[in-house]
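Asks: Just work-v3.txt, nothing more (compact mmCIF, C-alpha atoms (C1' of nucleotides)):
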# COMPACT_ATOMS: atom_id res chain seq x y z
CA MET A 1 158.42 42.99 149.91
CA GLN A 2 158.48 41.61 153.39
CA LYS A 3 157.05 38.35 154.50
CA VAL A 4 154.32 39.87 156.65
CA GLU A 5 153.12 42.05 153.83
CA ALA A 6 152.96 39.08 151.51
CA ILE A 7 150.81 37.22 153.98
CA LEU A 8 148.41 40.12 154.22
CA LYS A 9 148.06 40.32 150.47
CA GLU A 10 147.51 36.63 150.14
CA HIS A 11 144.58 37.05 152.46
CA ASP A 12 143.14 39.94 150.47
CA LEU A 13 144.04 42.46 153.10
CA ARG A 14 145.54 45.83 152.35
CA VAL A 15 148.91 46.48 153.85
CA THR A 16 148.71 49.13 156.54
CA PRO A 17 151.01 49.93 159.46
CA THR A 18 148.44 48.69 161.96
CA ARG A 19 148.00 45.36 160.27
CA VAL A 20 151.69 44.83 159.77
CA LYS A 21 152.50 45.48 163.40
CA ILE A 22 149.67 43.44 164.78
CA LEU A 23 150.38 40.51 162.53
CA LYS A 24 154.04 40.65 163.47
CA THR A 25 153.05 40.62 167.10
CA PHE A 26 151.08 37.44 166.64
CA MET A 27 153.89 35.83 164.73
CA LEU A 28 156.55 36.65 167.29
CA GLN A 29 154.86 35.63 170.51
CA HIS A 30 153.02 32.53 169.54
CA ASN A 31 150.24 32.49 172.04
CA ALA A 32 146.69 33.69 171.99
CA LEU A 33 146.11 37.40 172.47
CA SER A 34 143.07 39.33 173.51
CA HIS A 35 142.13 42.77 172.36
CA ALA A 36 143.25 44.04 175.77
CA ASP A 37 146.70 42.55 175.24
CA LEU A 38 147.09 44.41 171.98
CA GLU A 39 145.66 47.59 173.39
CA THR A 40 148.21 47.80 176.18
CA GLN A 41 150.92 47.32 173.60
CA PHE A 42 149.67 49.72 170.95
CA LYS A 43 147.54 52.15 172.92
CA SER A 44 149.63 55.13 171.94
CA GLU A 45 150.03 54.14 168.33
CA PHE A 46 146.61 53.01 167.16
CA ASP A 47 143.05 53.67 168.14
CA ARG A 48 141.22 51.04 170.15
CA VAL A 49 138.61 50.78 167.45
CA THR A 50 141.21 50.16 164.79
CA ILE A 51 142.53 47.25 166.80
CA TYR A 52 139.06 45.77 167.08
CA ARG A 53 138.56 46.11 163.37
CA THR A 54 141.94 44.66 162.58
CA LEU A 55 141.11 41.59 164.63
CA THR A 56 137.78 41.27 162.89
CA SER A 57 139.23 41.47 159.41
CA PHE A 58 142.01 39.04 160.28
CA LEU A 59 139.34 36.70 161.54
CA GLU A 60 137.16 37.06 158.47
CA ASN A 61 140.05 36.54 156.10
CA GLY A 62 141.37 33.46 157.80
CA LEU A 63 144.52 34.82 159.36
CA LEU A 64 143.34 34.36 162.92
CA HIS A 65 140.94 32.09 164.69
CA ARG A 66 139.22 32.51 167.98
CA VAL A 67 140.43 30.45 170.85
CA PRO A 68 137.84 28.94 173.17
CA ASP A 69 138.41 30.13 176.68
CA ASP A 70 136.32 30.03 179.79
CA SER A 71 137.44 33.42 181.03
CA GLY A 72 134.82 35.27 179.07
CA VAL A 73 137.33 37.27 177.07
CA ALA A 74 137.74 36.69 173.35
CA LYS A 75 141.22 35.50 172.46
CA TYR A 76 142.80 35.13 169.05
CA ALA A 77 145.61 33.10 167.62
CA LEU A 78 147.26 32.66 164.24
CA CYS A 79 145.93 30.03 161.95
CA LYS A 80 148.54 27.47 161.10
CA HIS A 81 148.91 27.85 157.37
CA ASP A 82 149.73 31.51 157.32
CA GLY A 83 148.69 32.48 153.90
CA THR A 84 150.32 29.59 152.15
CA ALA A 85 147.10 27.64 151.83
CA HIS A 86 143.49 28.04 152.68
CA ASN A 87 143.44 25.04 154.88
CA HIS A 88 140.92 24.73 157.64
CA ASP A 89 142.89 24.03 160.73
CA ASP A 90 140.41 24.80 163.41
CA ASP A 91 140.68 21.34 164.84
CA HIS A 92 143.61 21.44 167.14
CA VAL A 93 144.68 21.60 170.73
CA HIS A 94 144.97 24.74 172.82
CA PHE A 95 146.99 24.74 175.97
CA LYS A 96 146.32 27.23 178.74
CA CYS A 97 148.87 27.55 181.48
CA LYS A 98 147.42 28.02 184.93
CA LYS A 99 150.53 29.82 186.08
CA CYS A 100 151.29 32.36 183.38
CA GLU A 101 147.74 32.32 181.96
CA LYS A 102 149.06 32.15 178.42
CA ILE A 103 147.27 30.15 175.79
CA GLU A 104 149.12 28.58 172.94
CA CYS A 105 148.11 26.43 170.01
CA LEU A 106 149.58 22.96 169.81
CA HIS A 107 149.02 22.65 166.10
CA ASP A 108 150.78 19.38 165.83
CA LEU A 109 148.56 17.47 168.20
CA GLU A 110 145.60 15.78 166.64
CA ILE A 111 142.31 15.59 168.39
CA PRO A 112 141.28 11.97 168.67
CA ARG A 113 137.99 11.14 166.99
CA LEU A 114 135.06 10.57 169.23
CA HIS A 115 131.75 8.79 169.13
CA LEU A 116 128.94 11.33 169.45
CA PRO A 117 125.35 10.55 170.40
CA LYS A 118 122.90 9.83 167.59
CA LYS A 119 122.02 12.62 165.21
CA TYR A 120 124.85 14.82 166.33
CA ILE A 121 127.08 15.97 163.49
CA MET A 122 130.59 17.05 164.27
CA GLU A 123 132.14 19.75 162.16
CA ASP A 124 134.93 21.26 164.21
CA ALA A 125 136.65 20.34 167.41
CA ASN A 126 138.71 22.29 169.86
CA LEU A 127 140.48 20.74 172.76
CA LEU A 128 141.45 23.07 175.56
CA ILE A 129 143.92 21.65 178.00
CA GLU A 130 144.84 23.45 181.19
CA GLY A 131 147.90 22.83 183.24
CA ILE A 132 151.49 23.98 183.47
CA CYS A 133 153.37 24.93 180.35
CA ALA A 134 156.97 24.15 179.60
CA ASP A 135 158.13 27.66 180.48
CA CYS A 136 156.56 27.50 183.91
CA ASN A 137 157.63 23.95 184.67
CA PRO A 138 160.92 24.10 186.60
CA MET B 1 111.69 20.46 201.27
CA GLN B 2 112.08 20.52 197.52
CA LYS B 3 114.90 19.03 195.58
CA VAL B 4 116.31 22.31 194.39
CA GLU B 5 116.42 23.68 197.89
CA ALA B 6 118.22 20.60 199.12
CA ILE B 7 120.85 21.03 196.45
CA LEU B 8 121.43 24.61 197.46
CA LYS B 9 121.86 23.66 201.09
CA GLU B 10 124.22 20.86 200.26
CA HIS B 11 126.37 23.43 198.58
CA ASP B 12 126.31 25.77 201.56
CA LEU B 13 124.10 28.24 199.82
CA ARG B 14 121.13 29.93 201.45
CA VAL B 15 117.82 29.32 199.83
CA THR B 16 116.49 32.45 198.21
CA PRO B 17 113.92 32.95 195.45
CA THR B 18 116.59 34.11 193.03
CA ARG B 19 118.77 31.09 193.57
CA VAL B 20 115.89 28.66 193.41
CA LYS B 21 114.62 30.05 190.12
CA ILE B 22 118.01 30.29 188.51
CA LEU B 23 119.03 26.81 189.57
CA LYS B 24 115.73 25.44 188.29
CA THR B 25 116.35 27.17 185.00
CA PHE B 26 119.68 25.46 184.61
CA MET B 27 118.19 22.12 185.52
CA LEU B 28 115.32 22.35 183.08
CA GLN B 29 117.04 23.51 179.94
CA HIS B 30 120.25 21.62 180.03
CA ASN B 31 122.48 23.80 178.01
CA ALA B 32 124.98 26.48 178.89
CA LEU B 33 123.60 29.91 179.73
CA SER B 34 125.20 33.31 179.78
CA HIS B 35 124.37 36.12 182.11
CA ALA B 36 122.53 37.78 179.26
CA ASP B 37 120.33 34.71 178.80
CA LEU B 38 119.28 34.85 182.41
CA GLU B 39 118.83 38.57 182.34
CA THR B 40 116.35 38.47 179.49
CA GLN B 41 114.43 35.84 181.35
CA PHE B 42 114.44 37.44 184.81
CA LYS B 43 114.93 41.10 184.04
CA SER B 44 111.68 42.12 185.68
CA GLU B 45 112.08 39.86 188.68
CA PHE B 46 115.67 40.25 189.80
CA ASP B 47 118.33 42.86 189.57
CA ARG B 48 121.13 42.42 187.05
CA VAL B 49 123.66 42.53 189.82
CA THR B 50 121.91 39.82 191.76
CA ILE B 51 122.11 37.55 188.77
CA TYR B 52 125.83 38.17 188.43
CA ARG B 53 126.31 37.41 192.09
CA THR B 54 124.19 34.32 191.92
CA LEU B 55 126.31 32.98 189.09
CA THR B 56 129.45 33.75 191.03
CA SER B 57 128.32 31.99 194.17
CA PHE B 58 127.09 28.98 192.20
CA LEU B 59 130.48 28.86 190.57
CA GLU B 60 132.38 29.16 193.83
CA ASN B 61 130.30 26.51 195.53
CA GLY B 62 130.60 23.98 192.75
CA LEU B 63 127.10 24.05 191.33
CA LEU B 64 128.13 25.51 188.00
CA HIS B 65 131.23 25.48 185.88
CA ARG B 66 132.30 27.81 183.14
CA VAL B 67 132.04 26.56 179.62
CA PRO B 68 134.85 27.39 177.23
CA ASP B 69 133.49 29.27 174.29
CA ASP B 70 135.09 31.29 171.56
CA SER B 71 132.38 33.91 171.49
CA GLY B 72 133.93 35.99 174.21
CA VAL B 73 130.90 35.75 176.48
CA ALA B 74 131.10 33.78 179.70
CA LYS B 75 128.75 30.81 179.72
CA TYR B 76 127.83 28.54 182.59
CA ALA B 77 126.50 25.03 182.91
CA LEU B 78 125.55 22.70 185.72
CA CYS B 79 128.16 20.44 187.15
CA LYS B 80 127.25 16.81 186.79
CA HIS B 81 127.00 15.66 190.35
CA ASP B 82 124.49 18.18 191.53
CA GLY B 83 125.18 18.27 195.17
CA THR B 84 125.31 14.54 195.67
CA ALA B 85 129.06 14.46 195.68
CA HIS B 86 131.94 16.85 195.40
CA ASN B 87 133.30 15.25 192.34
CA HIS B 88 135.44 17.20 189.95
CA ASP B 89 133.90 16.77 186.57
CA ASP B 90 135.45 19.56 184.66
CA ASP B 91 136.87 17.20 182.10
CA HIS B 92 134.09 16.55 179.69
CA VAL B 93 132.82 17.35 176.24
CA HIS B 94 130.84 20.43 175.31
CA PHE B 95 128.85 20.52 172.14
CA LYS B 96 127.98 23.80 170.44
CA CYS B 97 125.39 23.76 167.71
CA LYS B 98 126.16 26.01 164.79
CA LYS B 99 122.49 26.36 163.99
CA CYS B 100 120.79 27.11 167.30
CA GLU B 101 124.00 28.29 168.97
CA LYS B 102 123.21 26.32 172.09
CA ILE B 103 125.95 24.69 174.08
CA GLU B 104 125.34 21.54 176.03
CA CYS B 105 127.50 19.31 178.17
CA LEU B 106 127.98 15.74 177.05
CA HIS B 107 128.90 14.52 180.49
CA ASP B 108 129.01 10.92 179.44
CA LEU B 109 131.69 11.30 176.82
CA GLU B 110 135.22 10.90 178.05
CA ILE B 111 138.02 12.96 176.67
CA PRO B 112 140.65 10.66 175.25
CA ARG B 113 144.04 11.03 176.85
CA LEU B 114 146.70 12.70 174.81
CA HIS B 115 150.44 12.85 174.58
CA LEU B 116 151.63 16.36 175.36
CA PRO B 117 155.02 17.82 174.46
CA LYS B 118 157.81 17.52 177.01
CA LYS B 119 157.45 19.42 180.28
CA TYR B 120 153.80 20.17 179.76
CA ILE B 121 151.62 19.06 182.65
CA MET B 122 147.95 18.46 182.01
CA GLU B 123 145.52 19.18 184.80
CA ASP B 124 142.13 19.69 183.16
CA ALA B 125 140.76 19.19 179.71
CA ASN B 126 137.79 20.55 177.87
CA LEU B 127 136.73 19.41 174.48
CA LEU B 128 134.49 21.76 172.54
CA ILE B 129 132.86 20.23 169.52
CA GLU B 130 130.92 22.31 167.05
CA GLY B 131 128.42 21.02 164.58
CA ILE B 132 124.72 20.29 164.37
CA CYS B 133 122.86 19.07 167.41
CA ALA B 134 120.17 16.44 167.48
CA ASP B 135 117.37 19.00 167.70
CA CYS B 136 118.56 20.82 164.61
CA ASN B 137 119.30 17.69 162.60
CA PRO B 138 116.24 16.83 160.50
C1' DA C 1 110.45 36.11 218.41
C1' DA C 2 115.10 38.05 218.51
C1' DT C 3 119.57 38.05 216.62
C1' DA C 4 123.58 37.64 213.54
C1' DA C 5 124.96 36.95 209.08
C1' DT C 6 124.03 36.84 204.36
C1' DT C 7 121.70 38.48 200.32
C1' DT C 8 119.33 41.90 197.58
C1' DG C 9 118.46 46.20 195.05
C1' DC C 10 119.93 50.52 193.83
C1' DA C 11 123.23 53.82 192.22
C1' DA C 12 127.48 54.70 190.58
C1' DC C 13 131.31 53.32 188.15
C1' DA C 14 134.56 50.56 185.21
C1' DT C 15 135.51 47.84 181.35
C1' DT C 16 134.67 45.97 176.84
C1' DA C 17 132.66 46.30 172.28
C1' DT C 18 130.04 48.57 168.28
C1' DT C 19 128.53 52.21 164.89
C1' DG C 20 128.55 56.46 161.85
C1' DC C 21 131.07 59.59 159.48
C1' DA C 22 134.75 62.65 157.80
C1' DA C 23 139.61 62.52 156.79
C1' DT C 24 143.37 59.81 155.47
C1' DT C 25 145.69 56.11 153.26
C1' DT C 26 146.15 52.23 150.01
C1' DA C 27 146.05 49.93 145.55
C1' DT C 28 145.30 50.38 140.67
C1' DG C 29 145.43 52.14 136.03
C1' DT C 30 147.26 55.53 133.25
C1' DA D 1 154.66 59.56 139.15
C1' DC D 2 149.80 61.02 139.53
C1' DA D 3 144.87 60.77 139.75
C1' DT D 4 141.15 58.01 141.08
C1' DA D 5 138.25 54.67 143.49
C1' DA D 6 137.90 51.91 147.34
C1' DA D 7 139.18 50.62 151.80
C1' DT D 8 141.01 51.95 156.33
C1' DT D 9 141.64 55.01 160.23
C1' DG D 10 140.56 58.08 164.14
C1' DC D 11 137.27 60.37 166.70
C1' DA D 12 132.96 60.83 169.08
C1' DA D 13 129.04 58.81 170.61
C1' DT D 14 126.63 54.86 172.18
C1' DA D 15 125.79 50.17 173.65
C1' DA D 16 126.74 46.17 176.12
C1' DT D 17 128.98 43.79 179.88
C1' DG D 18 130.83 43.43 184.47
C1' DT D 19 132.05 45.36 189.35
C1' DT D 20 131.72 47.80 193.93
C1' DG D 21 129.71 50.10 198.18
C1' DC D 22 126.11 50.52 201.13
C1' DA D 23 121.48 50.55 203.29
C1' DA D 24 117.38 47.69 203.53
C1' DA D 25 115.44 43.22 203.40
C1' DT D 26 115.75 38.33 203.95
C1' DT D 27 117.55 33.93 205.75
C1' DA D 28 119.03 30.64 209.24
C1' DT D 29 119.67 29.94 214.09
C1' DT D 30 118.99 30.33 219.06
In structure tokens, write the structure found in this file.

Replies:
Amino acid sequence: MQKVEAILKEHDLRVTPTRVKILKTFMLQHNALSHADLETQFKSEFDRVTIYRTLTSFLENGLLHRVPDDSGVAKYALCKHDGTAHNHDDDHVHFKCKKCEKIECLHDLEIPRLHLPKKYIMEDANLLIEGICADCNP
Amino acid sequence: MQKVEAILKEHDLRVTPTRVKILKTFMLQHNALSHADLETQFKSEFDRVTIYRTLTSFLENGLLHRVPDDSGVAKYALCKHDGTAHNHDDDHVHFKCKKCEKIECLHDLEIPRLHLPKKYIMEDANLLIEGICADCNP
DNA sequence: AATAATTTGCAACATTATTGCAATTTATGT
DNA sequence: ACATAAATTGCAATAATGTTGCAAATTATT
């Protein structure tokens, strides 16, 4: 049994060609992907609707999380603990490159705690940093 | 001349009923709004397209900024220095309530600086905090 | 009041996302 | 390996969201 298939099972997801390929895609290129990104890649292989549903089930079963983005297009990225634990790791830094437009998760950077106004309760935090990524920085 | 009209002029925008009403809306309820929010409110008064174009021109002329959101719908909020200065204030905290789903800008909270990996250049930062807002906290 | 330039509404179109249902595929127990 | 139950897929239809072109109306200016 392959690694990808094990991850799917650990997340209570049946192993299907669509899921295997899409999960592999996320694991190989480690930046956030939109449905459109996946559609251009798999248009001929899978139905658009199947891709939507794959993203939804990955989201529901904790394989992916949504990445905040001001472009108005939903983007998704792998959660950190791929199947090995059911850790909540929503609180991390996303970096969006202004040149190549790619978004990646900087899982290792902690978001500094912050003093909120009275009566506000913080549950999750997402820091989106924009700038130039290492690949685009000459 | 009213305040709202002055703000529009300071941003090189002609004063029209649509713009006045939409700007007032943003100023009164100080949380982020999507096109859909405005459409439900002004459906009978203005054309859908006009609302889209109003948002675009407000964005281009520095009255509004886009709010990062993981819902996949573009949201907009007032920039802090409404017309009084051309200050860049993109770098601030947004708070999204998990109960009422509203997003507001916490302009007064600074985003703590952060040590990025090598070769990454930071230009803007947006911190999105999710939790319970003051209104929804009993 | 006349003019030039911008904005609006309408229609058409393009893109993005959702739903129902029959056919297929997967996992499970035998 | 095979039959079965349950979940997934593809297709078609529909909904929601966003864009473009153009004539008519509105705004700012002289």

Asks: What would chain B look like once superposed on chain A, with the fit done by least squares over all C-alpha atoms paired in order? Give it as an mmCIF file with C-alpha atoms, in the coordinates of the input.

Replies:
data_model
loop_
_atom_site.group_PDB
_atom_site.id
_atom_site.type_symbol
_atom_site.label_atom_id
_atom_site.label_comp_id
_atom_site.auth_asym_id
_atom_site.auth_seq_id
_atom_site.Cartn_x
_atom_site.Cartn_y
_atom_site.Cartn_z
ATOM 1 C CA MET B 1 158.555 43.037 149.964
ATOM 2 C CA GLN B 2 158.608 41.627 153.461
ATOM 3 C CA LYS B 3 157.124 38.377 154.542
ATOM 4 C CA VAL B 4 154.426 39.892 156.684
ATOM 5 C CA GLU B 5 153.265 42.110 153.878
ATOM 6 C CA ALA B 6 153.090 39.167 151.523
ATOM 7 C CA ILE B 7 150.906 37.299 153.967
ATOM 8 C CA LEU B 8 148.530 40.208 154.219
ATOM 9 C CA LYS B 9 148.221 40.458 150.463
ATOM 10 C CA GLU B 10 147.655 36.765 150.088
ATOM 11 C CA HIS B 11 144.721 37.178 152.385
ATOM 12 C CA ASP B 12 143.288 40.081 150.415
ATOM 13 C CA LEU B 13 144.175 42.569 153.066
ATOM 14 C CA ARG B 14 145.725 45.950 152.355
ATOM 15 C CA VAL B 15 149.063 46.568 153.912
ATOM 16 C CA THR B 16 148.852 49.186 156.613
ATOM 17 C CA PRO B 17 151.133 49.937 159.563
ATOM 18 C CA THR B 18 148.528 48.716 162.023
ATOM 19 C CA ARG B 19 148.072 45.399 160.305
ATOM 20 C CA VAL B 20 151.772 44.842 159.833
ATOM 21 C CA LYS B 21 152.552 45.477 163.488
ATOM 22 C CA ILE B 22 149.688 43.435 164.817
ATOM 23 C CA LEU B 23 150.402 40.505 162.542
ATOM 24 C CA LYS B 24 154.068 40.626 163.516
ATOM 25 C CA THR B 25 153.049 40.590 167.144
ATOM 26 C CA PHE B 26 151.060 37.432 166.661
ATOM 27 C CA MET B 27 153.888 35.814 164.767
ATOM 28 C CA LEU B 28 156.525 36.608 167.347
ATOM 29 C CA GLN B 29 154.821 35.619 170.553
ATOM 30 C CA HIS B 30 152.970 32.538 169.568
ATOM 31 C CA ASN B 31 150.197 32.486 172.042
ATOM 32 C CA ALA B 32 146.622 33.675 171.957
ATOM 33 C CA LEU B 33 146.031 37.385 172.466
ATOM 34 C CA SER B 34 142.970 39.319 173.475
ATOM 35 C CA HIS B 35 142.043 42.762 172.334
ATOM 36 C CA ALA B 36 143.133 44.045 175.714
ATOM 37 C CA ASP B 37 146.595 42.536 175.249
ATOM 38 C CA LEU B 38 147.029 44.388 172.003
ATOM 39 C CA GLU B 39 145.594 47.559 173.392
ATOM 40 C CA THR B 40 148.103 47.757 176.211
ATOM 41 C CA GLN B 41 150.847 47.241 173.708
ATOM 42 C CA PHE B 42 149.664 49.679 171.027
ATOM 43 C CA LYS B 43 147.525 52.098 172.978
ATOM 44 C CA SER B 44 149.646 55.087 172.047
ATOM 45 C CA GLU B 45 150.077 54.093 168.428
ATOM 46 C CA PHE B 46 146.661 52.990 167.241
ATOM 47 C CA ASP B 47 143.106 53.670 168.157
ATOM 48 C CA ARG B 48 141.187 51.073 170.147
ATOM 49 C CA VAL B 49 138.639 50.831 167.402
ATOM 50 C CA THR B 50 141.267 50.194 164.783
ATOM 51 C CA ILE B 51 142.546 47.274 166.776
ATOM 52 C CA TYR B 52 139.067 45.799 167.024
ATOM 53 C CA ARG B 53 138.618 46.185 163.302
ATOM 54 C CA THR B 54 141.988 44.718 162.552
ATOM 55 C CA LEU B 55 141.134 41.637 164.572
ATOM 56 C CA THR B 56 137.827 41.339 162.784
ATOM 57 C CA SER B 57 139.318 41.555 159.325
ATOM 58 C CA PHE B 58 142.081 39.102 160.218
ATOM 59 C CA LEU B 59 139.396 36.766 161.441
ATOM 60 C CA GLU B 60 137.244 37.155 158.352
ATOM 61 C CA ASN B 61 140.154 36.650 156.003
ATOM 62 C CA GLY B 62 141.451 33.543 157.703
ATOM 63 C CA LEU B 63 144.597 34.867 159.322
ATOM 64 C CA LEU B 64 143.361 34.397 162.863
ATOM 65 C CA HIS B 65 140.937 32.113 164.597
ATOM 66 C CA ARG B 66 139.173 32.516 167.884
ATOM 67 C CA VAL B 67 140.406 30.462 170.762
ATOM 68 C CA PRO B 68 137.839 28.918 173.069
ATOM 69 C CA ASP B 69 138.416 30.108 176.573
ATOM 70 C CA ASP B 70 136.346 30.003 179.703
ATOM 71 C CA SER B 71 137.404 33.423 180.884
ATOM 72 C CA GLY B 72 134.738 35.227 178.943
ATOM 73 C CA VAL B 73 137.218 37.312 176.969
ATOM 74 C CA ALA B 74 137.655 36.724 173.261
ATOM 75 C CA LYS B 75 141.143 35.531 172.393
ATOM 76 C CA TYR B 76 142.734 35.144 168.993
ATOM 77 C CA ALA B 77 145.574 33.113 167.580
ATOM 78 C CA LEU B 78 147.227 32.673 164.218
ATOM 79 C CA CYS B 79 145.926 30.048 161.898
ATOM 80 C CA LYS B 80 148.539 27.482 161.046
ATOM 81 C CA HIS B 81 148.922 27.887 157.338
ATOM 82 C CA ASP B 82 149.717 31.549 157.300
ATOM 83 C CA GLY B 83 148.670 32.503 153.876
ATOM 84 C CA THR B 84 150.338 29.628 152.106
ATOM 85 C CA ALA B 85 147.139 27.697 151.782
ATOM 86 C CA HIS B 86 143.507 28.074 152.651
ATOM 87 C CA ASN B 87 143.463 25.087 154.854
ATOM 88 C CA HIS B 88 140.923 24.772 157.600
ATOM 89 C CA ASP B 89 142.842 24.058 160.729
ATOM 90 C CA ASP B 90 140.344 24.869 163.363
ATOM 91 C CA ASP B 91 140.566 21.414 164.830
ATOM 92 C CA HIS B 92 143.556 21.470 167.070
ATOM 93 C CA VAL B 93 144.644 21.580 170.670
ATOM 94 C CA HIS B 94 144.941 24.714 172.759
ATOM 95 C CA PHE B 95 146.969 24.711 175.906
ATOM 96 C CA LYS B 96 146.296 27.192 178.698
ATOM 97 C CA CYS B 97 148.857 27.533 181.435
ATOM 98 C CA LYS B 98 147.411 27.962 184.886
ATOM 99 C CA LYS B 99 150.496 29.803 186.036
ATOM 100 C CA CYS B 100 151.225 32.365 183.331
ATOM 101 C CA GLU B 101 147.686 32.268 181.933
ATOM 102 C CA LYS B 102 148.989 32.140 178.394
ATOM 103 C CA ILE B 103 147.203 30.142 175.759
ATOM 104 C CA GLU B 104 149.062 28.587 172.891
ATOM 105 C CA CYS B 105 148.056 26.450 169.952
ATOM 106 C CA LEU B 106 149.524 22.982 169.725
ATOM 107 C CA HIS B 107 148.946 22.708 166.016
ATOM 108 C CA ASP B 108 150.740 19.425 165.742
ATOM 109 C CA LEU B 109 148.533 17.509 168.118
ATOM 110 C CA GLU B 110 145.545 15.842 166.559
ATOM 111 C CA ILE B 111 142.268 15.625 168.349
ATOM 112 C CA PRO B 112 141.288 11.998 168.678
ATOM 113 C CA ARG B 113 138.001 11.141 167.051
ATOM 114 C CA LEU B 114 135.111 10.461 169.334
ATOM 115 C CA HIS B 115 131.834 8.637 169.314
ATOM 116 C CA LEU B 116 128.992 11.109 169.711
ATOM 117 C CA PRO B 117 125.447 10.280 170.799
ATOM 118 C CA LYS B 118 122.901 9.507 168.097
ATOM 119 C CA LYS B 119 121.911 12.306 165.726
ATOM 120 C CA TYR B 120 124.751 14.550 166.751
ATOM 121 C CA ILE B 121 126.856 15.725 163.832
ATOM 122 C CA MET B 122 130.391 16.862 164.503
ATOM 123 C CA GLU B 123 131.823 19.589 162.330
ATOM 124 C CA ASP B 124 134.682 21.135 164.299
ATOM 125 C CA ALA B 125 136.496 20.257 167.456
ATOM 126 C CA ASN B 126 138.596 22.205 169.875
ATOM 127 C CA LEU B 127 140.451 20.682 172.730
ATOM 128 C CA LEU B 128 141.445 23.022 175.530
ATOM 129 C CA ILE B 129 143.943 21.597 177.948
ATOM 130 C CA GLU B 130 144.870 23.394 181.126
ATOM 131 C CA GLY B 131 147.940 22.779 183.180
ATOM 132 C CA ILE B 132 151.517 23.971 183.406
ATOM 133 C CA CYS B 133 153.383 24.949 180.283
ATOM 134 C CA ALA B 134 156.992 24.215 179.512
ATOM 135 C CA ASP B 135 158.124 27.730 180.408
ATOM 136 C CA CYS B 136 156.547 27.549 183.837
ATOM 137 C CA ASN B 137 157.673 24.003 184.574
ATOM 138 C CA PRO B 138 160.973 24.136 186.474
#

Asks: From the list C:DT16, C:DT30, C:DT25, C:DT8, which residue is nearest chain B when using all atoms listed in the file?

Replies: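 Of all the options, C:DT8 lies closest to chain B.
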
Asks: How many Å separate CA of Glu39 in chain B from CA of Ile51 in chain B?

Replies: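 About the pair CA of Glu39 in chain B and CA of Ile51 in chain B: they are 7.3 Å apart.
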
Asks: For the point (129.3, 57.8, 164.3) in file coordinates, what residues are within 10 Å, counting all atoms listed in the file? Give the answer as number ranges by chain?

Replies: C: 19-22; D: 11-14

Asks: For the selection you just gave me, I'd like the residues written to a file as a compact mmCIF listing (two decimals), in the frame of the given file, keeping C-alpha atoms (C1' of nucleotides).

Replies:
# COMPACT_ATOMS: atom_id res chain seq x y z
C1' DT C 19 128.53 52.21 164.89
C1' DG C 20 128.55 56.46 161.85
C1' DC C 21 131.07 59.59 159.48
C1' DA C 22 134.75 62.65 157.80
C1' DC D 11 137.27 60.37 166.70
C1' DA D 12 132.96 60.83 169.08
C1' DA D 13 129.04 58.81 170.61
C1' DT D 14 126.63 54.86 172.18

Asks: Have a look at C:DT7, C:DA2, C:DT26, C:DA12 and name the one nearest to chain A; count only C-alpha atoms (C1' of nucleotides).

Replies: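 Counting only C-alpha atoms (C1' of nucleotides), the residue closest to chain A is C:DT26.
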
Asks: Out of B:Leu64, B:Leu109, B:Asn126, B:Ala74, which residue has the shortest atom-to-atom distance to Phe26 in chain B when counting all atoms listed in the file?

Replies: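 Of all the options, B:Leu64 lies closest to Phe26 in chain B.
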